[in-house]
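Source file: entry.txt (compact mmCIF, C-alpha atoms)
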# COMPACT_ATOMS: atom_id res chain seq x y z
CA MET A 1 -68.82 -85.72 -30.68
CA SER A 2 -67.07 -84.93 -33.96
CA VAL A 3 -68.81 -85.57 -37.25
CA THR A 4 -67.34 -88.49 -39.21
CA LEU A 5 -67.25 -89.33 -42.87
CA LYS A 6 -69.81 -92.07 -42.13
CA ASP A 7 -72.21 -89.42 -40.77
CA VAL A 8 -71.88 -87.39 -43.97
CA ALA A 9 -72.42 -90.49 -46.14
CA GLU A 10 -75.55 -91.47 -44.20
CA ALA A 11 -76.99 -87.94 -44.41
CA ALA A 12 -76.40 -87.90 -48.16
CA ARG A 13 -77.58 -91.51 -48.56
CA VAL A 14 -74.45 -92.59 -50.39
CA SER A 15 -71.70 -95.08 -49.62
CA ILE A 16 -68.71 -94.08 -47.51
CA SER A 17 -66.43 -94.66 -50.51
CA THR A 18 -68.51 -92.27 -52.63
CA ALA A 19 -68.40 -89.63 -49.90
CA SER A 20 -64.66 -90.08 -49.55
CA ARG A 21 -64.06 -89.66 -53.28
CA ALA A 22 -66.30 -86.61 -53.49
CA LEU A 23 -64.85 -84.79 -50.49
CA GLY A 24 -61.28 -85.79 -51.28
CA GLY A 25 -61.43 -84.56 -54.87
CA GLY A 26 -60.85 -88.05 -56.21
CA GLY A 27 -62.59 -87.23 -59.48
CA LEU A 28 -64.75 -90.39 -59.59
CA ALA A 29 -67.94 -88.73 -58.29
CA SER A 30 -70.13 -86.56 -60.54
CA GLU A 31 -69.87 -82.80 -60.10
CA ARG A 32 -73.48 -82.66 -58.87
CA THR A 33 -72.82 -85.37 -56.25
CA GLN A 34 -69.62 -83.70 -55.17
CA GLN A 35 -71.29 -80.32 -54.68
CA ARG A 36 -74.18 -81.87 -52.73
CA LEU A 37 -71.83 -83.78 -50.46
CA MET A 38 -69.68 -80.72 -49.84
CA ARG A 39 -72.80 -78.74 -48.88
CA ILE A 40 -73.95 -81.48 -46.48
CA ALA A 41 -70.44 -81.74 -45.00
CA ARG A 42 -70.40 -77.98 -44.32
CA GLU A 43 -73.86 -78.09 -42.73
CA LEU A 44 -72.86 -80.95 -40.45
CA GLY A 45 -69.54 -79.34 -39.56
CA TYR A 46 -67.46 -82.21 -40.95
CA ARG A 47 -63.69 -81.75 -40.85
CA PRO A 48 -61.49 -84.26 -42.69
CA ASN A 49 -58.71 -86.01 -40.78
CA PRO A 50 -55.47 -84.79 -42.39
CA ILE A 51 -53.43 -87.69 -41.01
CA ALA A 52 -55.83 -90.28 -42.39
CA ARG A 53 -55.96 -88.45 -45.70
CA GLY A 54 -52.19 -88.31 -45.76
CA LEU A 55 -51.96 -92.07 -45.36
CA LYS A 56 -54.04 -92.46 -48.53
CA THR A 57 -52.54 -89.69 -50.66
CA GLY A 58 -48.95 -89.81 -49.42
CA GLN A 59 -49.19 -86.06 -48.67
CA SER A 60 -50.25 -84.54 -45.35
CA ARG A 61 -49.94 -80.91 -46.54
CA LEU A 62 -48.22 -80.30 -43.20
CA ILE A 63 -44.82 -78.58 -42.94
CA GLY A 64 -42.87 -78.45 -39.69
CA LEU A 65 -41.02 -75.32 -38.59
CA LEU A 66 -38.72 -76.05 -35.64
CA ILE A 67 -37.08 -73.01 -34.04
CA HIS A 68 -35.53 -72.22 -30.66
CA ASN A 69 -37.89 -69.54 -29.32
CA LEU A 70 -40.14 -66.63 -30.21
CA THR A 71 -38.13 -64.12 -28.19
CA ASN A 72 -35.61 -63.69 -30.98
CA ALA A 73 -36.88 -61.17 -33.53
CA SER A 74 -35.42 -63.13 -36.45
CA PHE A 75 -37.30 -66.27 -35.42
CA GLN A 76 -40.52 -64.26 -35.18
CA VAL A 77 -40.06 -62.97 -38.72
CA ILE A 78 -39.11 -66.41 -40.03
CA ALA A 79 -42.26 -67.94 -38.50
CA GLN A 80 -44.49 -65.23 -39.97
CA VAL A 81 -43.01 -65.48 -43.46
CA VAL A 82 -43.04 -69.29 -43.56
CA GLN A 83 -46.67 -69.38 -42.33
CA THR A 84 -47.81 -66.83 -44.94
CA ARG A 85 -45.98 -68.51 -47.82
CA LEU A 86 -47.17 -72.02 -46.99
CA LYS A 87 -50.77 -71.03 -46.31
CA ALA A 88 -50.98 -69.43 -49.75
CA LEU A 89 -49.90 -72.76 -51.25
CA GLY A 90 -52.37 -74.87 -49.31
CA TYR A 91 -49.99 -76.12 -46.62
CA GLN A 92 -50.41 -75.92 -42.86
CA MET A 93 -47.37 -74.97 -40.79
CA LEU A 94 -46.74 -76.81 -37.53
CA LEU A 95 -44.76 -74.39 -35.34
CA CYS A 96 -42.52 -76.18 -32.84
CA ILE A 97 -40.30 -74.63 -30.15
CA ALA A 98 -37.22 -76.57 -29.01
CA ASP A 99 -35.67 -73.93 -26.72
CA ASP A 100 -32.25 -74.83 -28.17
CA ASP A 101 -32.48 -78.08 -26.20
CA PRO A 102 -31.19 -81.21 -28.01
CA GLN A 103 -33.56 -83.60 -26.19
CA GLN A 104 -36.59 -81.45 -26.88
CA GLU A 105 -35.47 -81.16 -30.50
CA SER A 106 -35.13 -84.95 -30.74
CA ASP A 107 -38.60 -85.55 -29.26
CA THR A 108 -40.12 -82.99 -31.63
CA LEU A 109 -38.49 -84.57 -34.68
CA THR A 110 -40.04 -87.91 -33.70
CA THR A 111 -43.48 -86.30 -33.36
CA LEU A 112 -43.20 -84.57 -36.74
CA ALA A 113 -42.20 -87.85 -38.38
CA ASP A 114 -45.20 -89.56 -36.76
CA HIS A 115 -47.46 -86.88 -38.22
CA ARG A 116 -45.98 -87.56 -41.67
CA VAL A 117 -45.08 -83.96 -42.41
CA ASP A 118 -44.26 -83.28 -46.04
CA GLY A 119 -41.13 -81.32 -45.11
CA LEU A 120 -39.25 -79.57 -42.34
CA ILE A 121 -37.50 -76.23 -41.90
CA VAL A 122 -35.32 -76.32 -38.80
CA VAL A 123 -32.92 -74.13 -36.85
CA PRO A 124 -30.80 -77.05 -35.61
CA THR A 125 -29.15 -77.40 -32.22
CA GLY A 126 -26.32 -79.26 -33.95
CA LYS A 127 -26.79 -82.32 -31.70
CA ASN A 128 -29.33 -84.33 -33.72
CA GLY A 129 -27.70 -84.64 -37.10
CA ALA A 130 -28.41 -88.38 -37.31
CA ALA A 131 -32.13 -87.84 -36.69
CA LEU A 132 -32.32 -85.09 -39.32
CA THR A 133 -30.48 -87.27 -41.82
CA ALA A 134 -32.89 -90.13 -41.08
CA LEU A 135 -35.86 -87.87 -41.84
CA GLU A 136 -34.33 -86.91 -45.16
CA ALA A 137 -33.62 -90.56 -45.96
CA GLY A 138 -37.23 -91.36 -45.06
CA ASP A 139 -38.59 -89.01 -47.75
CA ILE A 140 -39.15 -85.99 -45.49
CA PRO A 141 -37.10 -83.19 -47.09
CA VAL A 142 -35.25 -81.03 -44.56
CA VAL A 143 -33.81 -77.52 -44.94
CA CYS A 144 -31.74 -75.99 -42.13
CA VAL A 145 -31.86 -72.22 -41.60
CA VAL A 146 -29.74 -69.76 -39.55
CA ARG A 147 -27.40 -72.55 -38.43
CA ARG A 148 -25.66 -75.45 -40.12
CA ASP A 149 -25.70 -78.91 -38.56
CA GLU A 150 -22.13 -80.05 -39.04
CA GLY A 151 -23.12 -83.70 -38.75
CA THR A 152 -25.29 -83.61 -41.88
CA ASP A 153 -25.12 -82.83 -45.57
CA LEU A 154 -28.47 -81.06 -45.59
CA GLU A 155 -29.33 -77.95 -47.58
CA THR A 156 -28.77 -74.94 -45.36
CA VAL A 157 -29.78 -71.27 -45.66
CA LEU A 158 -27.47 -68.94 -43.75
CA ALA A 159 -26.96 -65.24 -43.28
CA ASP A 160 -23.57 -63.93 -44.36
CA ASP A 161 -22.51 -63.73 -40.73
CA PRO A 162 -18.74 -63.51 -41.34
CA GLN A 163 -19.19 -60.46 -43.56
CA GLY A 164 -21.93 -58.94 -41.39
CA ALA A 165 -19.83 -59.08 -38.21
CA TYR A 166 -16.82 -57.83 -40.15
CA ALA A 167 -18.78 -54.84 -41.52
CA GLY A 168 -20.16 -53.99 -38.07
CA THR A 169 -16.75 -54.13 -36.42
CA ARG A 170 -15.16 -52.10 -39.23
CA TYR A 171 -17.83 -49.44 -38.71
CA LEU A 172 -16.90 -49.11 -35.03
CA ILE A 173 -13.19 -49.01 -35.89
CA GLU A 174 -13.81 -46.25 -38.42
CA LEU A 175 -15.54 -44.27 -35.67
CA GLY A 176 -12.28 -44.39 -33.73
CA HIS A 177 -13.01 -47.25 -31.32
CA ARG A 178 -10.08 -49.51 -30.46
CA ARG A 179 -11.44 -51.38 -27.47
CA ILE A 180 -14.57 -53.10 -28.77
CA GLY A 181 -16.35 -55.62 -26.57
CA LEU A 182 -18.07 -58.56 -28.25
CA VAL A 183 -21.01 -60.51 -26.85
CA VAL A 184 -21.45 -63.51 -29.12
CA GLY A 185 -23.24 -66.85 -29.29
CA ARG A 186 -21.86 -70.25 -28.39
CA GLN A 187 -18.90 -71.38 -30.43
CA ASP A 188 -20.47 -74.76 -31.20
CA THR A 189 -23.02 -72.92 -33.38
CA THR A 190 -22.50 -71.67 -36.94
CA SER A 191 -23.62 -68.12 -36.18
CA GLY A 192 -21.50 -67.89 -33.02
CA ARG A 193 -18.30 -69.01 -34.74
CA GLU A 194 -18.81 -66.98 -37.89
CA ARG A 195 -19.67 -63.72 -36.13
CA LEU A 196 -16.59 -64.06 -33.93
CA ALA A 197 -14.50 -64.74 -37.04
CA GLY A 198 -15.79 -61.57 -38.74
CA TYR A 199 -15.07 -59.48 -35.64
CA ALA A 200 -11.53 -60.87 -35.31
CA ARG A 201 -10.79 -60.35 -39.00
CA ALA A 202 -11.74 -56.66 -38.83
CA LEU A 203 -9.53 -56.11 -35.78
CA ARG A 204 -6.54 -57.87 -37.34
CA GLU A 205 -6.83 -55.85 -40.54
CA ALA A 206 -6.77 -52.66 -38.43
CA ALA A 207 -3.72 -53.95 -36.48
CA ILE A 208 -5.78 -54.06 -33.27
CA PRO A 209 -5.04 -56.98 -30.94
CA VAL A 210 -7.82 -59.52 -30.38
CA GLU A 211 -8.19 -59.62 -26.59
CA ASP A 212 -9.91 -62.56 -24.92
CA ALA A 213 -11.03 -60.28 -22.07
CA LEU A 214 -13.17 -58.33 -24.53
CA ILE A 215 -14.95 -61.41 -25.93
CA HIS A 216 -17.80 -63.17 -24.12
CA ALA A 217 -19.61 -66.15 -25.66
CA GLY A 218 -22.66 -67.85 -24.24
CA HIS A 219 -26.23 -69.03 -24.71
CA PHE A 220 -28.61 -66.92 -26.73
CA GLU A 221 -30.44 -65.30 -23.82
CA PRO A 222 -30.63 -61.93 -22.01
CA GLU A 223 -28.67 -63.20 -19.01
CA THR A 224 -25.65 -63.81 -21.26
CA GLY A 225 -25.69 -60.15 -22.28
CA ALA A 226 -26.13 -58.93 -18.71
CA VAL A 227 -23.26 -61.01 -17.32
CA ALA A 228 -20.98 -60.12 -20.23
CA CYS A 229 -21.76 -56.40 -20.01
CA ARG A 230 -20.98 -56.28 -16.28
CA LYS A 231 -17.63 -58.01 -16.85
CA LEU A 232 -16.73 -55.71 -19.72
CA LEU A 233 -17.61 -52.54 -17.82
CA ASP A 234 -15.67 -53.72 -14.76
CA LEU A 235 -12.41 -54.08 -16.69
CA ALA A 236 -9.56 -51.75 -15.74
CA GLN A 237 -9.81 -50.48 -19.33
CA PRO A 238 -13.46 -50.96 -20.30
CA PRO A 239 -14.45 -50.90 -23.96
CA SER A 240 -15.71 -47.72 -25.58
CA ALA A 241 -18.10 -49.77 -27.74
CA ILE A 242 -19.91 -53.09 -27.40
CA PHE A 243 -21.00 -55.21 -30.35
CA VAL A 244 -23.81 -57.52 -29.21
CA ALA A 245 -23.83 -60.23 -31.84
CA ASN A 246 -27.20 -61.81 -31.03
CA HIS A 247 -30.58 -60.26 -30.40
CA GLU A 248 -31.47 -61.93 -27.09
CA SER A 249 -28.26 -60.85 -25.36
CA ALA A 250 -28.92 -57.23 -26.37
CA LEU A 251 -31.78 -57.13 -23.85
CA GLY A 252 -29.37 -57.91 -21.01
CA VAL A 253 -26.81 -55.35 -22.18
CA LEU A 254 -29.43 -52.60 -22.35
CA ARG A 255 -30.60 -53.43 -18.84
CA VAL A 256 -27.09 -53.23 -17.34
CA THR A 257 -26.23 -49.95 -19.09
CA ALA A 258 -29.46 -48.46 -17.73
CA GLU A 259 -28.75 -49.76 -14.22
CA ARG A 260 -25.33 -48.14 -14.29
CA GLY A 261 -26.65 -44.85 -15.57
CA LEU A 262 -24.64 -44.97 -18.79
CA SER A 263 -25.73 -42.80 -21.67
CA ILE A 264 -25.73 -44.37 -25.12
CA PRO A 265 -23.85 -43.31 -27.22
CA ASP A 266 -22.18 -40.59 -25.10
CA ASP A 267 -20.68 -43.02 -22.58
CA LEU A 268 -20.77 -46.20 -24.66
CA SER A 269 -21.45 -46.97 -28.30
CA LEU A 270 -23.73 -49.95 -28.87
CA LEU A 271 -24.14 -52.03 -32.03
CA CYS A 272 -26.46 -55.05 -32.17
CA TYR A 273 -26.94 -57.99 -34.51
CA GLU A 274 -30.41 -58.89 -35.87
CA ASP A 275 -32.92 -56.08 -36.32
CA THR A 276 -36.27 -55.71 -34.60
CA PRO A 277 -38.83 -52.89 -34.86
CA TRP A 278 -38.34 -51.80 -31.27
CA PHE A 279 -34.61 -51.20 -31.91
CA GLU A 280 -35.69 -48.39 -34.23
CA TRP A 281 -38.24 -47.08 -31.71
CA HIS A 282 -35.74 -47.17 -28.84
CA ARG A 283 -34.14 -43.86 -27.89
CA PRO A 284 -31.50 -43.64 -29.04
CA ALA A 285 -32.42 -45.80 -32.03
CA ILE A 286 -30.11 -48.84 -32.01
CA SER A 287 -27.69 -49.37 -34.88
CA VAL A 288 -27.71 -52.97 -36.11
CA VAL A 289 -26.33 -55.50 -38.51
CA ASP A 290 -29.52 -56.87 -40.08
CA SER A 291 -29.19 -60.58 -40.83
CA GLY A 292 -32.04 -60.55 -43.37
CA ALA A 293 -34.56 -62.81 -41.58
CA ARG A 294 -37.26 -62.26 -44.20
CA GLU A 295 -34.91 -63.22 -47.01
CA LEU A 296 -33.69 -66.24 -45.03
CA ALA A 297 -37.28 -67.45 -44.57
CA ASN A 298 -38.28 -66.94 -48.19
CA LEU A 299 -35.23 -68.75 -49.49
CA ALA A 300 -35.74 -71.62 -47.01
CA VAL A 301 -39.34 -72.04 -48.21
CA ASP A 302 -38.21 -71.92 -51.86
CA ARG A 303 -35.59 -74.61 -51.26
CA LEU A 304 -37.95 -76.83 -49.26
CA LEU A 305 -40.69 -76.67 -51.90
CA ARG A 306 -38.12 -77.57 -54.54
CA ARG A 307 -37.02 -80.55 -52.47
CA ILE A 308 -40.63 -81.68 -51.99
CA GLU A 309 -41.28 -81.46 -55.72
CA ALA A 310 -38.03 -83.27 -56.50
CA LYS A 311 -38.58 -85.99 -53.89
CA ASP A 312 -39.45 -88.61 -56.48
CA ALA A 313 -37.07 -87.28 -59.11
CA GLY A 314 -33.89 -87.10 -57.05
CA ALA A 315 -33.17 -83.99 -55.03
CA ASP A 316 -30.16 -81.74 -55.32
CA GLY A 317 -27.18 -82.54 -53.14
CA GLY A 318 -26.77 -80.69 -49.87
CA ARG A 319 -25.32 -77.21 -50.18
CA ASP A 320 -25.27 -73.84 -48.43
CA TYR A 321 -27.09 -70.71 -49.55
CA ARG A 322 -26.16 -67.28 -48.18
CA VAL A 323 -28.29 -64.18 -47.61
CA GLY A 324 -26.36 -60.94 -47.29
CA ALA A 325 -26.29 -59.10 -43.95
CA ARG A 326 -26.37 -55.29 -43.99
CA LEU A 327 -25.30 -52.53 -41.64
CA VAL A 328 -28.10 -50.17 -40.54
CA LYS A 329 -26.67 -46.98 -39.01
CA ARG A 330 -28.88 -45.26 -36.45
CA ASP A 331 -28.08 -43.26 -33.31
CA SER A 332 -26.43 -45.62 -30.80
CA CYS A 333 -22.86 -45.31 -32.09
CA ARG A 334 -20.72 -42.20 -32.22
CA ALA A 335 -17.17 -41.19 -33.01
CA PHE A 336 -14.82 -41.94 -30.13
CA ASP A 337 -12.41 -39.32 -28.83
CA PRO A 338 -9.76 -41.06 -26.70
CA LYS A 339 -8.82 -37.79 -24.98
CA PRO A 340 -10.32 -37.35 -21.50
CA PRO A 341 -12.95 -34.61 -21.20
CA THR A 342 -11.75 -31.17 -20.14
CA PRO A 343 -12.66 -30.51 -16.48
CA ARG A 344 -15.34 -27.92 -16.01
CA ALA A 345 -14.34 -24.67 -14.30

Please rewrite the model in this file as structure tokens.
Amino acid sequence: MSVTLKDVAEAARVSISTASRALGGGGLASERTQQRLMRIARELGYRPNPIARGLKTGQSRLIGLLIHNLTNASFQVIAQVVQTRLKALGYQMLLCIADDDPQQESDTLTTLADHRVDGLIVVPTGKNGAALTALEAGDIPVVCVVRRDEGTDLETVLADDPQGAYAGTRYLIELGHRRIGLVVGRQDTTSGRERLAGYARALREAAIPVEDALIHAGHFEPETGAVACRKLLDLAQPPSAIFVANHESALGVLRVTAERGLSIPDDLSLLCYEDTPWFEWHRPAISVVDSGARELANLAVDRLLRRIEAKDAGADGGRDYRVGARLVKRDSCRAFDPKPPTPRA
């Protein structure tokens, strides 16, 4: 049985209200009484109820982080950074996984509201804008990260995906590639649309046609990359390079290239979006466009804390913030020579 505040009060021979003030830092108990009660509470193993305390103080010290999965390296980094930042400030992070499922996201938002979280950082599915807006209207500040929810006017922290995809595609073009396959996220997501736009812009500027057969969009999962890679390699004129514009799909692409005995970069150049430590350890080390997950997380925390502090003073209007993406050149891309190899004697 858990130890209650009443148990602590009885052990200390004080009233429940005195124990509550002392353990809650209310300032009405003497320092000597407060220290004695804190010692007794520790000895008994008393743990305060944060929900009950939140009802009294108006602050739960709980912050929700709602992301799609922990497979994606960027989401892993975001979770780690948010947890570290909030813990240092006396908040507890509630990590929630929605699996990019609108119904699961909706159910989770209801649960977080019931727990009276002080704020929420969310990678939105884009299907629950009304629920997110209702949280904001109900004094739970919300900051979106990685994706924008088009149905809201919420503050949003995004990577510079248009420029990142443009820079990655330009890099492959400069290496001599003209047929560049793209594996990209769904087009009803911010990142999916913007990465496709950056890719197409780079091709148009180089007077290279944008071919639908070279573009495959789908869910953010390994199977998307595997299916897309097979289709690209089975073309009558397969690409000489593939740009995998989300981390999860890269796993599927790497599996298919290995199954077909292709050597990277000798047979196929490979560029991925979103960095992860094992990309650098892979042989060959995988070249990437790094979306800046750590910077995204830090800025999202900064904006959320500002919104929490400004809750009673009128928060800023919704706006977008961008974190620059950067090209990291490693060993998985090489210059392309369109001439067929000379037959061996």

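Computed from the coordinates, the CA of Ser287 (chain A) to CA of Asp212 (chain A) distance equals 24.3 Å.
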
Please list as a ChimeraX atom specification every residue within 12 Å of Arg178 (chain A), counting only C-alpha atoms and excluding residues in the same chain fewer than 4 positions away. /A:169-174,202-204,206-211,214,237-242,269,335-338

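If you look at CA of Phe75 (chain A) and CA of Cys229 (chain A), they are 24.0 Å away from each other.
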
Option closest in space to Gly185 (chain A), from A:Gly225, A:Gly164, A:Gly45, A:Gly252 [counting only C-alpha atoms]: A:Gly225

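The residue that comes closest to Thr71 (chain A), out of A:Ile97, A:Ala226, A:Leu5, A:Val289 and on the basis of all atoms listed in the file, is A:Ile97.
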
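Excluding Asn69 (chain A) itself and same-chain residues fewer than 2 positions from it, the residues having an atom within 9 Å of it are Ile67, Thr71, Asn72, Phe75, Gln76, Cys96, Ile97, Ala98, Asp99 and Asp100 of chain A, counting all atoms listed in the file.
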
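Here CA of Thr190 (chain A) is placed at a distance of 19.6 Å from CA of Pro222 (chain A).
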
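Distances to Arg283 (chain A) were evaluated for A:Asp114, A:Glu205, A:Asp331, A:Glu223 using all atoms listed in the file, and the minimum falls at A:Asp331.
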
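Distances from A:Ala325, A:Leu235, A:Leu23, A:Val301 to Gln83 (chain A) were compared using only C-alpha atoms, and the smallest one belongs to A:Val301.
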
I'd like a table as JSON lines: residues in region 78-195 of chain A with an atom no more than 10 Å from region 216-220 of chain A, each row giving the shortest atom pair and its distance in Å to one decimal, all atoms listed in the file counted, sorted by chain and rising residue number.
{"residue": "A:Asp99", "atom": "CA", "partner": "A:Phe220", "partner_atom": "CA", "distance": 9.9}
{"residue": "A:Asp100", "atom": "CA", "partner": "A:Phe220", "partner_atom": "CA", "distance": 8.8}
{"residue": "A:Gly181", "atom": "CA", "partner": "A:His216", "partner_atom": "CA", "distance": 8.1}
{"residue": "A:Leu182", "atom": "CA", "partner": "A:His216", "partner_atom": "CA", "distance": 6.2}
{"residue": "A:Val183", "atom": "CA", "partner": "A:His216", "partner_atom": "CA", "distance": 5.0}
{"residue": "A:Val184", "atom": "CA", "partner": "A:Ala217", "partner_atom": "CA", "distance": 4.7}
{"residue": "A:Gly185", "atom": "CA", "partner": "A:Gly218", "partner_atom": "CA", "distance": 5.2}
{"residue": "A:Arg186", "atom": "CA", "partner": "A:Gly218", "partner_atom": "CA", "distance": 4.9}
{"residue": "A:Gln187", "atom": "CA", "partner": "A:Ala217", "partner_atom": "CA", "distance": 7.1}
{"residue": "A:Gly192", "atom": "CA", "partner": "A:Ala217", "partner_atom": "CA", "distance": 7.8}
{"residue": "A:Arg193", "atom": "CA", "partner": "A:Ala217", "partner_atom": "CA", "distance": 9.6}

Polymer residues at most 7 Å from Ala159 (chain A), all atoms listed in the file, same-chain spacing of 4 or more positions, as a ChimeraX atom specification: /A:146,291-292,322-325
